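S.K.: Provided herewith: data_17.csv, CSV, C-alpha atoms.
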chain,number,residue,atom,x,y,z
M,1,MET,CA,-24.3,25.3,-99.1
M,2,LYS,CA,-22.9,22.1,-97.4
M,3,LYS,CA,-19.4,23.3,-98.0
M,4,LEU,CA,-20.2,26.6,-96.4
M,5,MET,CA,-21.8,24.9,-93.4
M,6,LEU,CA,-18.9,22.5,-93.1
M,7,GLY,CA,-16.4,25.3,-93.3
M,8,SER,CA,-18.3,27.2,-90.6
M,9,LEU,CA,-18.3,24.2,-88.4
M,10,ILE,CA,-14.6,23.6,-88.9
M,11,ALA,CA,-13.9,27.3,-88.2
M,12,ALA,CA,-16.0,27.2,-85.0
M,13,PHE,CA,-14.3,24.0,-83.9
M,14,ALA,CA,-10.9,25.5,-84.5
M,15,MET,CA,-11.8,28.6,-82.5
M,16,ALA,CA,-13.1,26.5,-79.7
M,17,THR,CA,-10.0,24.4,-79.5
M,18,VAL,CA,-7.7,27.5,-79.5
M,19,SER,CA,-9.7,29.2,-76.8
M,20,THR,CA,-10.3,26.1,-74.7
M,21,PRO,CA,-7.5,25.5,-72.1
M,22,ALA,CA,-5.6,22.2,-72.4
M,23,ALA,CA,-6.5,19.4,-70.0
M,24,ALA,CA,-4.9,19.9,-66.6
M,25,GLN,CA,-1.4,18.3,-66.5
M,26,LEU,CA,-0.5,19.2,-62.9
M,27,ARG,CA,-0.3,16.4,-60.3
M,28,GLU,CA,-0.8,16.9,-56.6
M,29,TYR,CA,2.4,16.3,-54.6
M,30,GLN,CA,4.4,16.3,-57.9
M,31,ASP,CA,3.7,19.8,-59.2
M,32,TYR,CA,2.1,21.3,-56.2
M,33,GLU,CA,1.2,20.5,-52.6
M,34,TYR,CA,-0.8,22.0,-49.8
M,35,SER,CA,1.0,23.8,-46.9
M,36,ASP,CA,0.9,22.2,-43.5
M,37,SER,CA,-0.4,25.3,-41.8
M,38,VAL,CA,-4.1,26.3,-42.0
M,39,VAL,CA,-5.3,29.9,-42.2
M,40,GLU,CA,-8.6,30.9,-40.6
M,41,LEU,CA,-10.0,33.9,-42.3
M,42,THR,CA,-13.0,35.8,-40.9
M,43,THR,CA,-14.7,38.6,-42.8
M,44,VAL,CA,-16.5,41.3,-40.8
M,45,ARG,CA,-18.8,44.1,-41.7
M,46,VAL,CA,-18.7,47.0,-39.2
M,47,GLU,CA,-21.5,49.5,-38.7
M,48,PRO,CA,-20.7,53.0,-40.0
M,49,GLY,CA,-18.8,55.1,-37.5
M,50,GLN,CA,-17.9,52.1,-35.3
M,51,MET,CA,-14.6,51.0,-36.8
M,52,ASP,CA,-12.5,52.6,-34.0
M,53,THR,CA,-14.8,51.2,-31.3
M,54,TYR,CA,-14.5,47.7,-32.8
M,55,LEU,CA,-10.7,47.9,-33.3
M,56,GLU,CA,-10.3,49.1,-29.7
M,57,GLY,CA,-12.4,46.1,-28.5
M,58,LEU,CA,-10.4,43.7,-30.7
M,59,ARG,CA,-7.1,45.0,-29.1
M,60,SER,CA,-8.3,43.9,-25.6
M,61,THR,CA,-10.0,40.7,-26.7
M,62,TRP,CA,-9.0,39.1,-30.0
M,63,VAL,CA,-5.5,40.5,-30.3
M,64,ALA,CA,-4.7,39.9,-26.6
M,65,ALA,CA,-6.0,36.3,-26.8
M,66,ASN,CA,-4.0,35.6,-30.0
M,67,GLU,CA,-0.8,37.0,-28.3
M,68,VAL,CA,-1.3,34.4,-25.6
M,69,ALA,CA,-2.0,31.6,-28.1
M,70,LYS,CA,1.1,32.7,-30.1
M,71,GLU,CA,3.4,32.7,-27.1
M,72,LEU,CA,2.1,29.1,-26.2
M,73,GLY,CA,2.8,28.0,-29.8
M,74,HIS,CA,-0.9,27.3,-30.5
M,75,ILE,CA,-0.9,29.6,-33.5
M,76,GLU,CA,1.9,30.8,-35.8
M,77,ASP,CA,0.6,34.3,-36.4
M,78,TYR,CA,-2.4,36.5,-36.7
M,79,ALA,CA,-3.4,39.8,-38.5
M,80,ILE,CA,-6.2,42.2,-39.1
M,81,TYR,CA,-6.6,43.5,-42.7
M,82,ALA,CA,-8.8,46.4,-43.8
M,83,ASN,CA,-10.7,46.3,-47.0
M,84,MET,CA,-9.7,49.6,-48.6
M,85,ALA,CA,-12.5,49.7,-51.1
M,86,PRO,CA,-15.5,48.1,-49.6
M,87,ALA,CA,-18.7,48.0,-51.6
M,88,SER,CA,-22.1,48.3,-50.0
M,89,GLY,CA,-22.7,45.3,-47.8
M,90,VAL,CA,-19.2,43.9,-48.3
M,91,PHE,CA,-16.8,43.2,-45.5
M,92,HIS,CA,-14.6,45.9,-44.0
M,93,LEU,CA,-12.1,43.8,-42.1
M,94,MET,CA,-10.5,40.4,-42.4
M,95,LEU,CA,-9.3,38.7,-39.2
M,96,VAL,CA,-6.7,36.1,-40.0
M,97,ILE,CA,-5.1,33.4,-37.8
M,98,GLN,CA,-2.4,31.0,-39.0
M,99,PHE,CA,-2.4,27.6,-37.3
M,100,PRO,CA,0.2,24.9,-37.4
M,101,GLY,CA,-1.6,22.1,-39.2
M,102,GLU,CA,-1.4,19.8,-36.2
M,103,ASN,CA,-3.3,22.3,-34.1
M,104,MET,CA,-6.5,22.2,-36.1
M,105,GLN,CA,-8.0,19.3,-34.1
M,106,PRO,CA,-9.6,20.1,-30.7
M,107,SER,CA,-7.3,19.5,-27.8
M,108,ARG,CA,-8.2,19.6,-24.1
M,109,GLU,CA,-4.5,20.0,-23.3
M,110,ARG,CA,-4.2,23.1,-25.4
M,111,TYR,CA,-7.5,24.5,-24.1
M,112,ASP,CA,-6.4,24.0,-20.5
M,113,GLU,CA,-3.0,25.5,-21.2
M,114,PHE,CA,-4.6,28.6,-22.9
M,115,MET,CA,-7.1,29.1,-20.1
M,116,ALA,CA,-4.3,28.9,-17.5
M,117,ALA,CA,-2.4,31.7,-19.3
M,118,TRP,CA,-5.5,33.7,-20.4
M,119,GLY,CA,-7.6,33.3,-17.3
M,120,GLU,CA,-11.3,33.1,-16.5
M,121,ALA,CA,-11.5,36.9,-15.8
M,122,ASN,CA,-10.2,37.7,-19.3
M,123,MET,CA,-12.5,35.2,-20.9
M,124,ASP,CA,-15.5,36.6,-19.0
M,125,ARG,CA,-14.6,40.2,-20.0
M,126,SER,CA,-14.1,39.1,-23.7
M,127,ASN,CA,-17.5,37.3,-23.7
M,128,GLU,CA,-19.1,40.4,-22.2
M,129,THR,CA,-17.6,42.6,-24.9
M,130,VAL,CA,-18.8,40.3,-27.6
M,131,VAL,CA,-22.4,40.3,-26.2
M,132,ASN,CA,-22.7,43.9,-25.3
M,133,ILE,CA,-20.6,45.7,-28.0
M,134,TYR,CA,-19.6,43.5,-30.9
M,135,ASN,CA,-23.1,42.1,-31.5
M,136,GLU,CA,-24.4,45.6,-31.9
M,137,ILE,CA,-21.7,47.1,-34.2
M,138,ARG,CA,-20.4,44.2,-36.4
M,139,GLU,CA,-21.6,41.3,-38.5
M,140,ILE,CA,-19.5,38.2,-39.2
M,141,GLN,CA,-20.0,37.6,-42.9
M,142,GLY,CA,-18.0,34.4,-43.3
M,143,VAL,CA,-15.4,32.1,-41.8
M,144,TYR,CA,-13.1,30.2,-44.0
M,145,LEU,CA,-10.3,27.6,-43.4
M,146,LEU,CA,-7.6,27.8,-46.1
M,147,ARG,CA,-4.4,26.0,-47.0
M,148,GLU,CA,-1.9,27.6,-49.3
M,149,ILE,CA,-1.1,25.8,-52.5
M,150,GLU,CA,2.7,25.7,-53.0
M,151,MET,CA,3.8,25.2,-56.5
M,152,THR,CA,7.0,23.0,-56.9
M,153,GLU,CA,9.6,23.7,-59.6
Kindly return the structure encoded in the file as structure tokens.
M.R.:
Amino acid sequence: MKKLMLGSLIAAFAMATVSTPAAAQLREYQDYEYSDSVVELTTVRVEPGQMDTYLEGLRSTWVAANEVAKELGHIEDYAIYANMAPASGVFHLMLVIQFPGENMQPSRERYDEFMAAWGEANMDRSNETVVNIYNEIREIQGVYLLREIEMTE
């Protein structure tokens, strides 16, 4: 009986060591490093039948503001992605902005530069759109700040 139990324990241990991954051998900055740029990813759930309304609004607010920020060099790029298979209650869109790493800290200079290019009138219209339309037809589900992990060879 002891042999049977010992044999079962050895077999169980052998299976566990085969199926258990080896201890991590990668080292940060030797085998991988983080990108300098930071991606802000916002997930949005849109009310049924309101996708076109929301996208139309984004074109005149979020997209237009990001175009100004991109021209000023405050962001590297931006994009809107549609979730092609959303489950109930799950996000429909991802709004993505890629920032140069050095632009993640608040800056009065960048703010003033952006406002000079974007203007108070555009800011007021955008805020009005958010309050009067967006808050009725969409729900922000999450905002994430991400850095890409770049594997070295």
S.K.: Counting only C-alpha atoms, which residues in segment 92-145 of chain M sit no more than 12 Å from segment 66-79 of chain M? For each one, give the nearest pair of atoms and the distance in Å, sorted by chain then residue number, as a tab-separated table.
M.R.:
residue	atom	partner	partner_atom	distance
M:Leu93	CA	M:Ala79	CA	10.2
M:Met94	CA	M:Ala79	CA	8.1
M:Leu95	CA	M:Ala79	CA	6.0
M:Val96	CA	M:Ala79	CA	5.2
M:Ile97	CA	M:Tyr78	CA	4.3
M:Gln98	CA	M:Asp77	CA	5.2
M:Phe99	CA	M:Ile75	CA	4.5
M:Pro100	CA	M:Ile75	CA	6.2
M:Gly101	CA	M:Ile75	CA	9.4
M:Glu102	CA	M:His74	CA	9.4
M:Asn103	CA	M:His74	CA	6.6
M:Met104	CA	M:His74	CA	9.4
M:Gln105	CA	M:His74	CA	11.3
M:Pro106	CA	M:His74	CA	11.3
M:Ser107	CA	M:His74	CA	10.4
M:Glu109	CA	M:His74	CA	10.9
M:Arg110	CA	M:His74	CA	7.4
M:Tyr111	CA	M:His74	CA	9.6
M:Asp112	CA	M:Leu72	CA	11.4
M:Glu113	CA	M:Leu72	CA	8.0
M:Phe114	CA	M:Ala69	CA	6.5
M:Met115	CA	M:Val68	CA	9.6
M:Ala116	CA	M:Val68	CA	10.2
M:Ala117	CA	M:Val68	CA	6.9
M:Trp118	CA	M:Val68	CA	6.7
M:Gly119	CA	M:Val68	CA	10.5
M:Asn122	CA	M:Val68	CA	11.4
S.K.: Store the residues of this selection in a file with C-alpha atoms, as a PDB file, in the coordinates of the input.
M.R.:
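Final file, selection37.pdb:
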ATOM      1  CA  LEU M  93     -12.100  43.800 -42.100  1.00  0.00           C
ATOM      2  CA  MET M  94     -10.500  40.400 -42.400  1.00  0.00           C
ATOM      3  CA  LEU M  95      -9.300  38.700 -39.200  1.00  0.00           C
ATOM      4  CA  VAL M  96      -6.700  36.100 -40.000  1.00  0.00           C
ATOM      5  CA  ILE M  97      -5.100  33.400 -37.800  1.00  0.00           C
ATOM      6  CA  GLN M  98      -2.400  31.000 -39.000  1.00  0.00           C
ATOM      7  CA  PHE M  99      -2.400  27.600 -37.300  1.00  0.00           C
ATOM      8  CA  PRO M 100       0.200  24.900 -37.400  1.00  0.00           C
ATOM      9  CA  GLY M 101      -1.600  22.100 -39.200  1.00  0.00           C
ATOM     10  CA  GLU M 102      -1.400  19.800 -36.200  1.00  0.00           C
ATOM     11  CA  ASN M 103      -3.300  22.300 -34.100  1.00  0.00           C
ATOM     12  CA  MET M 104      -6.500  22.200 -36.100  1.00  0.00           C
ATOM     13  CA  GLN M 105      -8.000  19.300 -34.100  1.00  0.00           C
ATOM     14  CA  PRO M 106      -9.600  20.100 -30.700  1.00  0.00           C
ATOM     15  CA  SER M 107      -7.300  19.500 -27.800  1.00  0.00           C
ATOM     16  CA  GLU M 109      -4.500  20.000 -23.300  1.00  0.00           C
ATOM     17  CA  ARG M 110      -4.200  23.100 -25.400  1.00  0.00           C
ATOM     18  CA  TYR M 111      -7.500  24.500 -24.100  1.00  0.00           C
ATOM     19  CA  ASP M 112      -6.400  24.000 -20.500  1.00  0.00           C
ATOM     20  CA  GLU M 113      -3.000  25.500 -21.200  1.00  0.00           C
ATOM     21  CA  PHE M 114      -4.600  28.600 -22.900  1.00  0.00           C
ATOM     22  CA  MET M 115      -7.100  29.100 -20.100  1.00  0.00           C
ATOM     23  CA  ALA M 116      -4.300  28.900 -17.500  1.00  0.00           C
ATOM     24  CA  ALA M 117      -2.400  31.700 -19.300  1.00  0.00           C
ATOM     25  CA  TRP M 118      -5.500  33.700 -20.400  1.00  0.00           C
ATOM     26  CA  GLY M 119      -7.600  33.300 -17.300  1.00  0.00           C
ATOM     27  CA  ASN M 122     -10.200  37.700 -19.300  1.00  0.00           C
TER      28      ASN M 122
END
S.K.: Quick one: residues within 9 Å of Ile149 of chain M, only C-alpha atoms counted, chain neighbours fewer than 5 positions away excluded, as a ChimeraX atom specification?
M.R.: /M:32-35
S.K.: Find the distance between atom CA of Glu47 of chain M and atom CA of Leu145 of chain M and write it in Å to one decimal.
M.R.: 25.0 Å
S.K.: Using only C-alpha atoms - which residues lie no farther than 12 Å from the point (-27.2, 52.0, -34.3) in the file's frame? Write them as a PyMOL selection string.
M.R.: chain M and resi 46-50+133-138
S.K.: Atom CA of Ala87 of chain M to atom CA of Glu56 of chain M: how many Å, to one decimal?
M.R.: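 Atom CA of Glu56 of chain M lies at a distance of 23.5 Å from atom CA of Ala87 of chain M.
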S.K.: At a cut-off of 7 Å from (-21.6, 46.1, -43.1) in the coordinates of the file, what residues are picked up using all atoms listed in the file, written as a list in words?
M.R.: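 Residues lying no farther than 7 Å from the given point: Arg45, Val46, Glu47, Gly89, Val90, Phe91 and Glu139 of chain M.
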S.K.: Between M:Pro86, M:Gln30, M:Val39, M:Thr61, which residue has the minimum interatomic distance to Ala121 of chain M, considering only C-alpha atoms?
M.R.: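 Between M:Pro86, M:Gln30, M:Val39, M:Thr61, the residue approaching Ala121 of chain M most closely is M:Thr61.
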S.K.: What gap, in Å, lies between atom CA of Gln141 of chain M and atom CA of Val44 of chain M?
M.R.: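 Computed distance, atom CA of Gln141 of chain M to atom CA of Val44 of chain M, equals 5.5 Å.
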S.K.: Would you mind telling me which residue in M:Met84, M:Met123, M:Val143, M:Val131 lies nearest to Ala64 of chain M when using all atoms listed in the file?
M.R.: M:Met123
S.K.: Name the closest residue to Met51 of chain M among the candidates M:Leu146, M:Glu120, M:Ala82, M:Ser88; distances are taken between atoms, counting all atoms listed in the file.
M.R.: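 Closest to Met51 of chain M, using all atoms listed in the file: M:Ala82.
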